[in-house]
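J.: Once you've had a glance at the structure underneath, I'll fire off some questions.
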Amino acid sequence: MMQTSQNLSHPMATIKARLNETIATINDLGQDVGNMEDQRIRDLFNTTREVLKDLVTAYDLYEKRSQRLS
């Protein structure tokens, strides 16, 4: 079943809000992670943050493209 952009707007907003909440939590934890001695864990933490930000961007782009097509 094909969903219209109207059908997608609420779930998309919910997904993006949850991702942004997770990013905010990660940002809050950043100070603690920054104090860790192991560079690999700091790198993993920063990569996680960047991937989540990129996911929010991907959802934004998908939503905009879906709105243009409908």
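Ordering of the structure tokens sets the chain letters (A, B, ...), residue numbers begin anew at 1 in every chain, and ligands are numbered from 1 in the order given.
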Any idea what's packed within 12 Å of stretch 22-38 of chain A, counting only C-alpha atoms, ignoring anything in its chain fewer than 4 positions away? Could you give it as a ChimeraX atom specification?
T.: /A:15-18,42-56
J.: Expressed in Å to a single decimal, how great is the separation between atom CA of A:Leu19 and atom CA of A:Arg65?
T.: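 These atoms are spaced 19.8 Å apart.
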J.: One number please: atom CA of A:Glu21 to atom CA of A:Leu69, in Å, one decimal.
T.: 29.1 Å
J.: Between atom CA of A:Ala13 and atom CA of A:Tyr59, measure the distance and give it in Å to one decimal.
T.: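 Interatomic distance, atom CA of A:Ala13 to atom CA of A:Tyr59: 9.0 Å.
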